[in-house]
Each structure stands twice: as structure tokens, then as C-alpha cells.
$ cat target-v8.json   # JSON, C-alpha atoms
[["chain", "number", "residue", "atom", "x", "y", "z"],
["A", 1, "MET", "CA", 58.84, 154.23, 102.36],
["A", 2, "SER", "CA", 56.88, 152.31, 99.72],
["A", 3, "SER", "CA", 57.52, 148.60, 99.23],
["A", 4, "PHE", "CA", 58.84, 147.42, 95.89],
["A", 5, "ARG", "CA", 59.06, 144.24, 93.87],
["A", 6, "ILE", "CA", 61.92, 143.00, 91.71],
["A", 7, "VAL", "CA", 60.80, 142.12, 88.19],
["A", 8, "THR", "CA", 62.93, 140.10, 85.78],
["A", 9, "ASP", "CA", 62.42, 137.66, 82.90],
["A", 10, "SER", "CA", 62.66, 133.89, 82.64],
["A", 11, "SER", "CA", 66.13, 133.99, 81.11],
["A", 12, "CYS", "CA", 67.34, 134.34, 84.73],
["A", 13, "ASP", "CA", 67.18, 130.52, 84.91],
["A", 14, "LEU", "CA", 66.42, 130.37, 88.64],
["A", 15, "THR", "CA", 64.30, 127.60, 90.04],
["A", 16, "ALA", "CA", 60.62, 128.40, 90.55],
["A", 17, "GLU", "CA", 61.09, 127.71, 94.27],
["A", 18, "LEU", "CA", 63.91, 130.23, 94.68],
["A", 19, "ALA", "CA", 62.07, 132.86, 92.64],
["A", 20, "ALA", "CA", 59.05, 132.41, 94.91],
["A", 21, "GLN", "CA", 61.19, 132.71, 98.04],
["A", 22, "MET", "CA", 62.55, 135.98, 96.65],
["A", 23, "ASP", "CA", 59.05, 137.20, 95.77],
["A", 24, "LEU", "CA", 60.21, 137.85, 92.20],
["A", 25, "ILE", "CA", 57.90, 138.73, 89.35],
["A", 26, "VAL", "CA", 59.26, 136.67, 86.45],
["A", 27, "LEU", "CA", 58.13, 137.53, 82.93],
["A", 28, "PRO", "CA", 57.92, 134.40, 80.75],
["A", 29, "LEU", "CA", 59.79, 134.60, 77.44],
["A", 30, "THR", "CA", 58.94, 132.23, 74.57],
["A", 31, "VAL", "CA", 60.65, 129.36, 72.78],
["A", 32, "ALA", "CA", 59.32, 128.04, 69.47],
["A", 33, "ILE", "CA", 59.93, 124.43, 68.40],
["A", 34, "SER", "CA", 58.63, 123.06, 65.11],
["A", 35, "GLY", "CA", 56.00, 125.78, 64.86],
["A", 36, "ARG", "CA", 54.72, 125.39, 68.41],
["A", 37, "HIS", "CA", 55.26, 128.20, 70.92],
["A", 38, "TYR", "CA", 55.93, 127.56, 74.61],
["A", 39, "LYS", "CA", 56.05, 130.12, 77.39],
["A", 40, "ASN", "CA", 59.21, 129.62, 79.43],
["A", 41, "TYR", "CA", 57.77, 129.57, 82.94],
["A", 42, "LEU", "CA", 60.31, 128.67, 85.61],
["A", 43, "ASP", "CA", 58.08, 125.86, 86.85],
["A", 44, "GLY", "CA", 58.08, 124.25, 83.39],
["A", 45, "ARG", "CA", 54.30, 124.23, 83.10],
["A", 46, "GLU", "CA", 54.44, 124.50, 79.29],
["A", 47, "ILE", "CA", 57.81, 122.86, 78.62],
["A", 48, "GLU", "CA", 60.18, 121.35, 81.16],
["A", 49, "ASN", "CA", 63.93, 121.67, 80.87],
["A", 50, "GLY", "CA", 64.40, 117.92, 80.56],
["A", 51, "ALA", "CA", 61.92, 117.62, 77.71],
["A", 52, "PHE", "CA", 63.51, 120.57, 75.94],
["A", 53, "TYR", "CA", 67.01, 119.10, 76.04],
["A", 54, "GLN", "CA", 65.71, 115.72, 74.92],
["A", 55, "ILE", "CA", 64.33, 117.37, 71.81],
["A", 56, "LEU", "CA", 67.72, 118.96, 71.14],
["A", 57, "ARG", "CA", 69.52, 115.64, 71.63],
["A", 58, "GLU", "CA", 67.22, 113.95, 69.16],
["A", 59, "LYS", "CA", 67.80, 116.84, 66.74],
["A", 60, "LYS", "CA", 64.12, 117.15, 66.00],
["A", 61, "ALA", "CA", 64.24, 120.90, 65.54],
["A", 62, "ASN", "CA", 66.23, 124.11, 65.81],
["A", 63, "PRO", "CA", 64.38, 126.20, 68.40],
["A", 64, "ALA", "CA", 63.85, 129.93, 68.13],
["A", 65, "THR", "CA", 63.08, 132.41, 70.88],
["A", 66, "SER", "CA", 61.15, 135.62, 71.33],
["A", 67, "GLY", "CA", 60.63, 138.14, 74.10],
["A", 68, "MET", "CA", 57.55, 139.94, 75.33],
["A", 69, "ASN", "CA", 55.77, 142.76, 73.58],
["A", 70, "VAL", "CA", 54.81, 146.00, 75.31],
["A", 71, "ALA", "CA", 51.23, 144.86, 75.93],
["A", 72, "GLU", "CA", 52.32, 141.61, 77.59],
["A", 73, "PHE", "CA", 54.87, 143.37, 79.76],
["A", 74, "THR", "CA", 52.35, 146.03, 80.76],
["A", 75, "GLU", "CA", 49.64, 143.53, 81.68],
["A", 76, "ILE", "CA", 51.85, 141.74, 84.20],
["A", 77, "VAL", "CA", 53.70, 144.72, 85.66],
["A", 78, "GLU", "CA", 50.59, 146.88, 85.95],
["A", 79, "GLN", "CA", 49.17, 144.48, 88.55],
["A", 80, "VAL", "CA", 52.08, 145.31, 90.85],
["A", 81, "LEU", "CA", 51.56, 149.05, 90.44],
["A", 82, "GLU", "CA", 47.84, 148.72, 91.10],
["A", 83, "ASN", "CA", 48.70, 147.02, 94.38],
["A", 84, "GLY", "CA", 50.53, 150.16, 95.43],
["A", 85, "GLU", "CA", 54.05, 148.77, 95.06],
["A", 86, "ASP", "CA", 57.04, 150.22, 93.23],
["A", 87, "ILE", "CA", 59.20, 148.24, 90.79],
["A", 88, "LEU", "CA", 62.84, 147.47, 90.11],
["A", 89, "TYR", "CA", 63.02, 145.87, 86.65],
["A", 90, "ILE", "CA", 66.21, 143.90, 85.91],
["A", 91, "GLY", "CA", 66.27, 142.73, 82.30],
["A", 92, "LEU", "CA", 68.35, 140.40, 80.15],
["A", 93, "SER", "CA", 71.35, 142.13, 78.56],
["A", 94, "SER", "CA", 70.18, 144.45, 75.78],
["A", 95, "GLU", "CA", 73.12, 143.23, 73.66],
["A", 96, "LEU", "CA", 71.58, 139.75, 73.57],
["A", 97, "SER", "CA", 67.85, 140.42, 73.30],
["A", 98, "GLY", "CA", 65.26, 143.10, 72.62],
["A", 99, "THR", "CA", 63.48, 142.19, 75.87],
["A", 100, "TYR", "CA", 64.98, 144.98, 77.97],
["A", 101, "PRO", "CA", 64.26, 147.78, 75.44],
["A", 102, "VAL", "CA", 60.64, 146.58, 75.23],
["A", 103, "GLY", "CA", 60.41, 146.79, 79.00],
["A", 104, "VAL", "CA", 61.85, 150.31, 79.01],
["A", 105, "SER", "CA", 59.31, 151.36, 76.39],
["A", 106, "ALA", "CA", 56.46, 149.96, 78.47],
["A", 107, "VAL", "CA", 57.79, 151.61, 81.61],
["A", 108, "LYS", "CA", 57.71, 155.06, 79.99],
["A", 109, "ASP", "CA", 53.96, 154.73, 79.51],
["A", 110, "LEU", "CA", 53.39, 153.18, 82.93],
["A", 111, "ARG", "CA", 55.16, 156.08, 84.64],
["A", 112, "LEU", "CA", 52.69, 158.47, 83.05],
["A", 113, "ARG", "CA", 49.71, 156.35, 84.04],
["A", 114, "TYR", "CA", 50.94, 155.76, 87.60],
["A", 115, "PRO", "CA", 52.68, 159.02, 88.59],
["A", 116, "LYS", "CA", 52.67, 158.10, 92.28],
["A", 117, "ARG", "CA", 54.62, 154.93, 91.70],
["A", 118, "LYS", "CA", 58.36, 154.59, 91.09],
["A", 119, "ILE", "CA", 59.71, 152.29, 88.39],
["A", 120, "LEU", "CA", 63.47, 151.95, 87.95],
["A", 121, "THR", "CA", 65.11, 149.81, 85.28],
["A", 122, "VAL", "CA", 68.46, 148.00, 85.05],
["A", 123, "ASP", "CA", 70.05, 146.62, 81.89],
["A", 124, "SER", "CA", 71.70, 143.72, 83.69],
["A", 125, "LEU", "CA", 74.44, 143.13, 81.08],
["A", 126, "CYS", "CA", 73.95, 139.54, 82.26],
["A", 127, "VAL", "CA", 72.30, 136.40, 80.97],
["A", 128, "SER", "CA", 71.02, 133.12, 82.38],
["A", 129, "VAL", "CA", 72.18, 132.26, 85.89],
["A", 130, "GLY", "CA", 74.33, 135.39, 85.93],
["A", 131, "GLN", "CA", 71.16, 137.42, 85.62],
["A", 132, "GLY", "CA", 69.63, 135.30, 88.36],
["A", 133, "LEU", "CA", 72.64, 135.91, 90.60],
["A", 134, "LEU", "CA", 72.29, 139.67, 90.12],
["A", 135, "CYS", "CA", 68.60, 139.44, 91.08],
["A", 136, "ARG", "CA", 69.54, 137.41, 94.15],
["A", 137, "LEU", "CA", 72.13, 139.95, 95.29],
["A", 138, "CYS", "CA", 69.64, 142.77, 94.82],
["A", 139, "TYR", "CA", 67.03, 140.85, 96.77],
["A", 140, "LEU", "CA", 69.45, 140.46, 99.68],
["A", 141, "GLN", "CA", 69.99, 144.23, 99.64],
["A", 142, "LYS", "CA", 66.23, 144.70, 99.73],
["A", 143, "GLN", "CA", 65.94, 142.27, 102.63],
["A", 144, "ALA", "CA", 68.59, 144.29, 104.46],
["A", 145, "GLY", "CA", 66.24, 147.29, 104.35],
["A", 146, "LYS", "CA", 67.69, 149.20, 101.42],
["A", 147, "SER", "CA", 65.35, 151.48, 99.50],
["A", 148, "LEU", "CA", 64.40, 151.08, 95.83],
["A", 149, "ALA", "CA", 66.87, 153.82, 94.84],
["A", 150, "GLU", "CA", 69.63, 152.25, 96.93],
["A", 151, "VAL", "CA", 69.10, 148.80, 95.43],
["A", 152, "TRP", "CA", 69.05, 150.33, 91.93],
["A", 153, "GLU", "CA", 72.38, 152.03, 92.62],
["A", 154, "TYR", "CA", 73.77, 148.77, 93.98],
["A", 155, "ALA", "CA", 72.65, 146.87, 90.85],
["A", 156, "GLN", "CA", 74.30, 149.43, 88.59],
["A", 157, "SER", "CA", 77.55, 149.24, 90.54],
["A", 158, "ILE", "CA", 77.72, 145.44, 90.78],
["A", 159, "LYS", "CA", 76.40, 144.22, 87.42],
["A", 160, "LYS", "CA", 79.74, 144.41, 85.60],
["A", 161, "HIS", "CA", 81.26, 142.32, 88.38],
["A", 162, "ILE", "CA", 78.99, 139.34, 87.66],
["A", 163, "ILE", "CA", 81.47, 137.15, 85.80],
["A", 164, "HIS", "CA", 80.21, 134.71, 83.15],
["A", 165, "THR", "CA", 82.68, 132.10, 81.88],
["A", 166, "PHE", "CA", 81.30, 129.20, 79.91],
["A", 167, "MET", "CA", 81.83, 126.51, 77.34],
["A", 168, "VAL", "CA", 79.56, 125.13, 74.65],
["A", 169, "ASP", "CA", 79.68, 121.89, 72.71],
["A", 170, "ASP", "CA", 78.82, 123.49, 69.39],
["A", 171, "ILE", "CA", 79.65, 127.12, 68.72],
["A", 172, "ALA", "CA", 77.58, 126.94, 65.54],
["A", 173, "VAL", "CA", 74.48, 127.11, 67.76],
["A", 174, "LEU", "CA", 75.56, 130.53, 69.05],
["A", 175, "ARG", "CA", 76.49, 131.71, 65.56],
["A", 176, "ARG", "CA", 73.15, 130.60, 64.16],
["A", 177, "GLY", "CA", 71.29, 132.64, 66.75],
["A", 178, "GLY", "CA", 73.41, 135.72, 66.05],
["A", 179, "ARG", "CA", 74.36, 136.13, 69.71],
["A", 180, "LEU", "CA", 78.13, 135.74, 69.34],
["A", 181, "TYR", "CA", 80.06, 139.00, 69.12],
["A", 182, "SER", "CA", 82.77, 138.74, 66.46],
["A", 183, "GLY", "CA", 85.44, 140.51, 68.49],
["A", 184, "ARG", "CA", 87.72, 137.47, 68.14],
["A", 185, "GLU", "CA", 87.74, 134.91, 65.37],
["A", 186, "MET", "CA", 86.66, 131.45, 66.54],
["A", 187, "PRO", "CA", 87.41, 128.81, 63.89],
["A", 188, "GLY", "CA", 85.08, 125.91, 63.31],
["A", 189, "GLN", "CA", 85.54, 123.33, 66.03],
["A", 190, "THR", "CA", 86.25, 119.65, 66.04],
["A", 191, "LEU", "CA", 84.70, 117.17, 68.43],
["A", 192, "GLN", "CA", 87.70, 117.49, 70.77],
["A", 193, "VAL", "CA", 88.17, 121.27, 70.75],
["A", 194, "LYS", "CA", 85.82, 123.17, 73.07],
["A", 195, "PRO", "CA", 85.31, 126.92, 72.81],
["A", 196, "VAL", "CA", 85.46, 128.93, 76.04],
["A", 197, "LEU", "CA", 83.58, 132.22, 76.11],
["A", 198, "HIS", "CA", 82.51, 134.99, 78.45],
["A", 199, "VAL", "CA", 80.17, 137.97, 78.68],
["A", 200, "ASP", "CA", 82.13, 141.21, 78.37],
["A", 201, "ASP", "CA", 81.49, 144.50, 80.17],
["A", 202, "LYS", "CA", 79.05, 145.56, 77.45],
["A", 203, "GLY", "CA", 76.92, 142.46, 77.93],
["A", 204, "ARG", "CA", 78.09, 140.70, 74.75],
["A", 205, "LEU", "CA", 79.07, 137.05, 74.23],
["A", 206, "VAL", "CA", 82.75, 136.99, 73.32],
["A", 207, "ALA", "CA", 85.07, 134.09, 72.59],
["A", 208, "LEU", "CA", 88.08, 133.75, 74.88],
["A", 209, "GLY", "CA", 89.75, 130.80, 73.19],
["A", 210, "ARG", "CA", 89.67, 127.06, 72.67],
["A", 211, "VAL", "CA", 90.70, 124.13, 74.84],
["A", 212, "ARG", "CA", 91.30, 120.57, 73.70],
["A", 213, "GLY", "CA", 88.96, 118.23, 75.56],
["A", 214, "ARG", "CA", 85.92, 118.82, 77.71],
["A", 215, "LYS", "CA", 87.61, 118.11, 81.04],
["A", 216, "ALA", "CA", 90.45, 120.45, 80.13],
["A", 217, "ALA", "CA", 87.87, 123.13, 79.35],
["A", 218, "MET", "CA", 86.29, 122.64, 82.77],
["A", 219, "GLU", "CA", 89.72, 122.91, 84.39],
["A", 220, "ALA", "CA", 90.31, 126.16, 82.49],
["A", 221, "ILE", "CA", 86.99, 127.56, 83.69],
["A", 222, "ALA", "CA", 87.78, 126.62, 87.29],
["A", 223, "ASN", "CA", 91.25, 128.14, 87.01],
["A", 224, "SER", "CA", 89.80, 131.38, 85.67],
["A", 225, "VAL", "CA", 88.57, 132.40, 89.13],
["A", 226, "GLU", "CA", 92.11, 132.70, 90.49],
["A", 227, "ASN", "CA", 93.09, 136.28, 91.41],
["A", 228, "ASN", "CA", 89.71, 137.56, 90.22],
["A", 229, "ILE", "CA", 87.05, 136.29, 92.63],
["A", 230, "LEU", "CA", 85.64, 138.72, 95.21],
["A", 231, "ASP", "CA", 83.27, 136.47, 97.15],
["A", 232, "THR", "CA", 83.87, 132.72, 97.36],
["A", 233, "SER", "CA", 80.36, 132.19, 98.75],
["A", 234, "ALA", "CA", 78.56, 133.72, 95.75],
["A", 235, "VAL", "CA", 79.47, 131.20, 93.05],
["A", 236, "TRP", "CA", 76.82, 129.58, 90.85],
["A", 237, "ILE", "CA", 76.96, 127.05, 88.01],
["A", 238, "GLY", "CA", 74.56, 126.70, 85.07],
["A", 239, "HIS", "CA", 74.35, 123.66, 82.81],
["A", 240, "GLY", "CA", 72.55, 122.68, 79.64],
["A", 241, "GLY", "CA", 71.35, 119.16, 80.41],
["A", 242, "CYS", "CA", 74.74, 118.00, 81.76],
["A", 243, "LEU", "CA", 74.35, 117.78, 85.52],
["A", 244, "ARG", "CA", 77.30, 115.42, 86.02],
["A", 245, "ASP", "CA", 79.65, 117.90, 84.38],
["A", 246, "ALA", "CA", 78.22, 120.67, 86.57],
["A", 247, "GLN", "CA", 78.91, 118.54, 89.64],
["A", 248, "TYR", "CA", 82.45, 117.87, 88.41],
["A", 249, "LEU", "CA", 83.05, 121.59, 87.92],
["A", 250, "SER", "CA", 81.68, 122.15, 91.43],
["A", 251, "THR", "CA", 84.27, 119.70, 92.79],
["A", 252, "LEU", "CA", 87.05, 121.49, 90.95],
["A", 253, "LEU", "CA", 85.96, 124.80, 92.46],
["A", 254, "MET", "CA", 85.72, 123.39, 95.99],
["A", 255, "ASP", "CA", 89.25, 122.01, 95.56],
["A", 256, "ARG", "CA", 90.25, 125.65, 95.03],
["A", 257, "GLY", "CA", 88.76, 126.78, 98.32],
["A", 258, "ILE", "CA", 85.35, 127.91, 97.08],
["A", 259, "CYS", "CA", 82.18, 127.13, 99.02],
["A", 260, "GLU", "CA", 80.01, 124.49, 97.33],
["A", 261, "PRO", "CA", 78.42, 126.32, 94.37],
["A", 262, "MET", "CA", 74.71, 126.34, 93.71],
["A", 263, "ILE", "CA", 73.83, 124.46, 90.49],
["A", 264, "TYR", "CA", 70.99, 125.47, 88.15],
["A", 265, "GLU", "CA", 69.83, 124.11, 84.81],
["A", 266, "ILE", "CA", 69.81, 126.55, 81.92],
["A", 267, "GLY", "CA", 66.24, 126.95, 80.70],
["A", 268, "PRO", "CA", 64.83, 126.64, 77.16],
["A", 269, "VAL", "CA", 65.14, 130.31, 76.15],
["A", 270, "VAL", "CA", 68.87, 130.53, 76.84],
["A", 271, "GLY", "CA", 69.38, 126.85, 76.02],
["A", 272, "ALA", "CA", 68.03, 127.42, 72.51],
["A", 273, "HIS", "CA", 71.17, 129.49, 71.87],
["A", 274, "SER", "CA", 73.74, 127.64, 74.00],
["A", 275, "GLY", "CA", 72.69, 124.07, 73.21],
["A", 276, "VAL", "CA", 73.06, 120.75, 75.00],
["A", 277, "GLY", "CA", 76.25, 120.49, 77.01],
["A", 278, "ALA", "CA", 76.71, 124.17, 77.78],
["A", 279, "LEU", "CA", 78.43, 124.66, 81.12],
["A", 280, "ALA", "CA", 78.82, 128.05, 82.77],
["A", 281, "LEU", "CA", 80.39, 129.56, 85.86],
["A", 282, "PHE", "CA", 79.02, 132.75, 87.46],
["A", 283, "TYR", "CA", 80.55, 134.64, 90.36],
["A", 284, "LEU", "CA", 81.41, 138.07, 91.74],
["A", 285, "GLY", "CA", 84.77, 139.11, 90.36],
["A", 286, "LYS", "CA", 87.06, 142.09, 90.00],
["A", 287, "VAL", "CA", 86.84, 142.42, 86.22],
["A", 288, "ARG", "CA", 85.07, 140.65, 83.38]]

$ encode --input "target-v8.json" --output "C-alpha cells"
Amino acid sequence: MSSFRIVTDSSCDLTAELAAQMDLIVLPLTVAISGRHYKNYLDGREIENGAFYQILREKKANPATSGMNVAEFTEIVEQVLENGEDILYIGLSSELSGTYPVGVSAVKDLRLRYPKRKILTVDSLCVSVGQGLLCRLCYLQKQAGKSLAEVWEYAQSIKKHIIHTFMVDDIAVLRRGGRLYSGREMPGQTLQVKPVLHVDDKGRLVALGRVRGRKAAMEAIANSVENNILDTSAVWIGHGGCLRDAQYLSTLLMDRGICEPMIYEIGPVVGAHSGVGALALFYLGKVR
């Protein structure tokens, strides 16, 4: 049985250390700030998370993001194929970015050029740390000895059970980037009213409602796991430059009998659309 590598993109928002431990191939997406383009490497070699959020706090610019083109994707992935390894590509939700369709396009050509290699693709229907959690779960299946096809089947079966529930400080940031699905009207917010959103089973960002006050919003997010969580040990938190709030949410979850969640900082590519103060909960649940 041939060995295989898991390939994803930097919107997974894992730490560089964890990605290395998992032997992931992570494709760097791009964030543009004031005309300068930075590759979003997980190790922050071109722009660190802290520096990115400081720019947002100082309101120096409205960042924009872009994915990879076919040539860039091919150049990185081809090295894996040339080493005689197969590939499982898990991409950012196609409802939120063109990154996954670009990868699929590149894969079609690579399959022709490397007929002895297997390349399977997964539209994760996830974003940020939720995407990272899916990669982690697939990696654990790989470590357990599952084949490429078996891990692909697992990813397809589990991806809609990766729950994303989150809050943002300014919903205008999501609207400006065009990532918010208009399935429910979300009126303009005040400083005290915080929108709570989720990713639906089609991989779209959808508003759930509004809560008055940031702490009340965190309580609502913590309460949302009740009667829906499948695995209390697979709970992760993502934050946009607000570590103390992430730690507070972690405490709320532990008070509800959940193992201490892992906490990750949302990187520049996702952070460009969620803004400073975004706080998100990711876990395995029954339904989105």
C-alpha cells in the first residue's frame, strides 16, 4: 500500500508546529495590505498574526485575500507525487473561496501526468480551525493504518459534523468580503449587539442571531454544544487577536464538562474577513 500525504491550505489556522507533527503539506494563501502581498505561512515568516491584528486595530487598511493559481498549486503538490507518494487534498469550503476549485483543476492534469499515483480531493465545507480539526481527525485515521481511500471516505462522512459557531465584532467586515450568505437578515449592529453565526451544511457562513453583550454571546456559544456534541475531547477554539476571550470561553466549556479545548489564533487570510475580536468554537456534533 502506497504512503500518502494530507495537503491543505493555510486557512486551516493550525500552528506550524502541529502541522509539522502531522506531516501536512500546507499551501500558503495570500493576504494583501495597502498594496503589499504576504504569503500566509503558518510560521508567520512573511506576516505574523500579531502584526496583522495590530494593523487592523490601527485601521491602517482593509486587507484583501487571494488563493493559489493552478501553477502554484501544481509546483508544490508535484513534489509529493515525484517522491512516490499519493495525496489527500482537503481544501477550504468552495462556498467561501475559489481555492478548492483551483486545486481540483490542477489535480485533473496531475492525474494524467502521474497515472501511477492516486490523488483524492475533499471539499471540506469548513473554514479556519474547523478545517484544521478535519485535517487532524483525518491524520489520526491515517496514523491508525487506514488507507487513502478509507481516510477519504471518513472525511466525506465526518465533514458536515464539524460544527462552527462564532461571533464577530463587526459584521460589516464579513459583508464587505462577500462571504456572508443572506439566508437570514442581519440588521446593522450596535456596539453592544454581537452577531452569532455558523457554517451550514453547504459550507456557507450564515447568521444565527444576535446577542446583547460580548459575554452573553460567549455564553450562547458555550450553551450551543448542549445536546449536539459527539466528542467532548475534540473541541477547539479559534480567536482573532482576543486570547483572553478564548480562555474565558474555554472556562465556560470546561464548566459544562468538556475537556480543556485547544486554542488557536485565526490567521491573516481568514482574519481579513472575520476581523479583530472574532471568536469561534469548533467541535464534532450531530448536526450543523

$ closest_residue --input "target-v8.json" --among "A:Cys126, A:Cys135, A:Leu197, A:Leu243" --to "Val26 of chain A" --atoms "only C-alpha atoms"
A:Cys135

$ residues_around --input "target-v8.json" --residues "Glu85 of chain A" --least-positions-apart "5" --cutoff "7 Å" --atoms "all atoms listed in the file" --output "ChimeraX atom specification"
/A:2-5,80

$ residues_near_point --input "target-v8.json" --point "(64.0, 120.8, 71.5)" --cutoff "12 Å" --atoms "only C-alpha atoms" --output "VMD selection string"
chain A and resid 31 to 38 47 to 65 240 to 241 267 to 269 271 to 273 275 to 276

$ closest_residue --input "target-v8.json" --among "A:Lys39, A:Ile6, A:Ser250, A:Arg136" --to "Ile25 of chain A" --atoms "only C-alpha atoms"
A:Ile6

$ atom_distance --input "target-v8.json" --atom1 "atom CA of Ser128 of chain A" --atom2 "atom CA of Asp13 of chain A"
5.3 Å

$ closest_residue --input "target-v8.json" --among "A:Glu17, A:Glu150, A:Asp9, A:Asp109" --to "Leu92 of chain A" --atoms "all atoms listed in the file"
A:Asp9

$ closest_residue --input "target-v8.json" --among "A:Ile229, A:Ile90, A:Ala207, A:Leu14" --to "Asp43 of chain A" --atoms "only C-alpha atoms"
A:Leu14

$ atom_distance --input "target-v8.json" --atom1 "atom CA of Gly257 of chain A" --atom2 "atom CA of Ser233 of chain A"
10.0 Å

$ closest_residue --input "target-v8.json" --among "A:Ala222, A:Ile263, A:Ala106, A:Leu125" --to "Gln247 of chain A" --atoms "all atoms listed in the file"
A:Ile263

$ closest_atom_pairs --input "target-v8.json" --of "segment 195-271 of chain A" --to "segment 155-162 of chain A" --cutoff "9 Å" --atoms "only C-alpha atoms" --output "CSV"
residue,atom,partner,partner_atom,distance
A:Asp200,CA,A:Lys160,CA,8.3
A:Asp201,CA,A:Lys160,CA,5.7
A:Lys202,CA,A:Lys160,CA,8.3
A:Gly203,CA,A:Lys160,CA,8.4
A:Leu230,CA,A:His161,CA,8.9

$ decode --input "target-v8.json" --residues "segment 199-217 of chain A" --atoms "C-alpha atoms" --output "short mmCIF file (atom, residue, chain, number, x, y, z; two decimals), in the first residue's frame"
data_model
loop_
_atom_site.label_atom_id
_atom_site.label_comp_id
_atom_site.auth_asym_id
_atom_site.auth_seq_id
_atom_site.Cartn_x
_atom_site.Cartn_y
_atom_site.Cartn_z
CA VAL A 199 -21.22 27.42 8.87
CA ASP A 200 -24.15 25.48 7.42
CA ASP A 201 -24.10 22.04 5.82
CA LYS A 202 -23.29 23.58 2.44
CA GLY A 203 -20.20 25.30 3.79
CA ARG A 204 -21.71 28.81 3.86
CA LEU A 205 -21.48 31.48 6.57
CA VAL A 206 -24.99 32.02 7.92
CA ALA A 207 -26.26 34.31 10.65
CA LEU A 208 -27.97 32.60 13.59
CA GLY A 209 -28.99 35.69 15.52
CA ARG A 210 -27.81 38.48 17.78
CA VAL A 211 -26.94 38.63 21.46
CA ARG A 212 -26.63 41.75 23.60
CA GLY A 213 -23.14 41.93 25.06
CA ARG A 214 -19.94 40.07 24.32
CA LYS A 215 -20.01 37.88 27.42
CA ALA A 216 -23.61 36.93 26.72
CA ALA A 217 -22.56 35.95 23.19
#
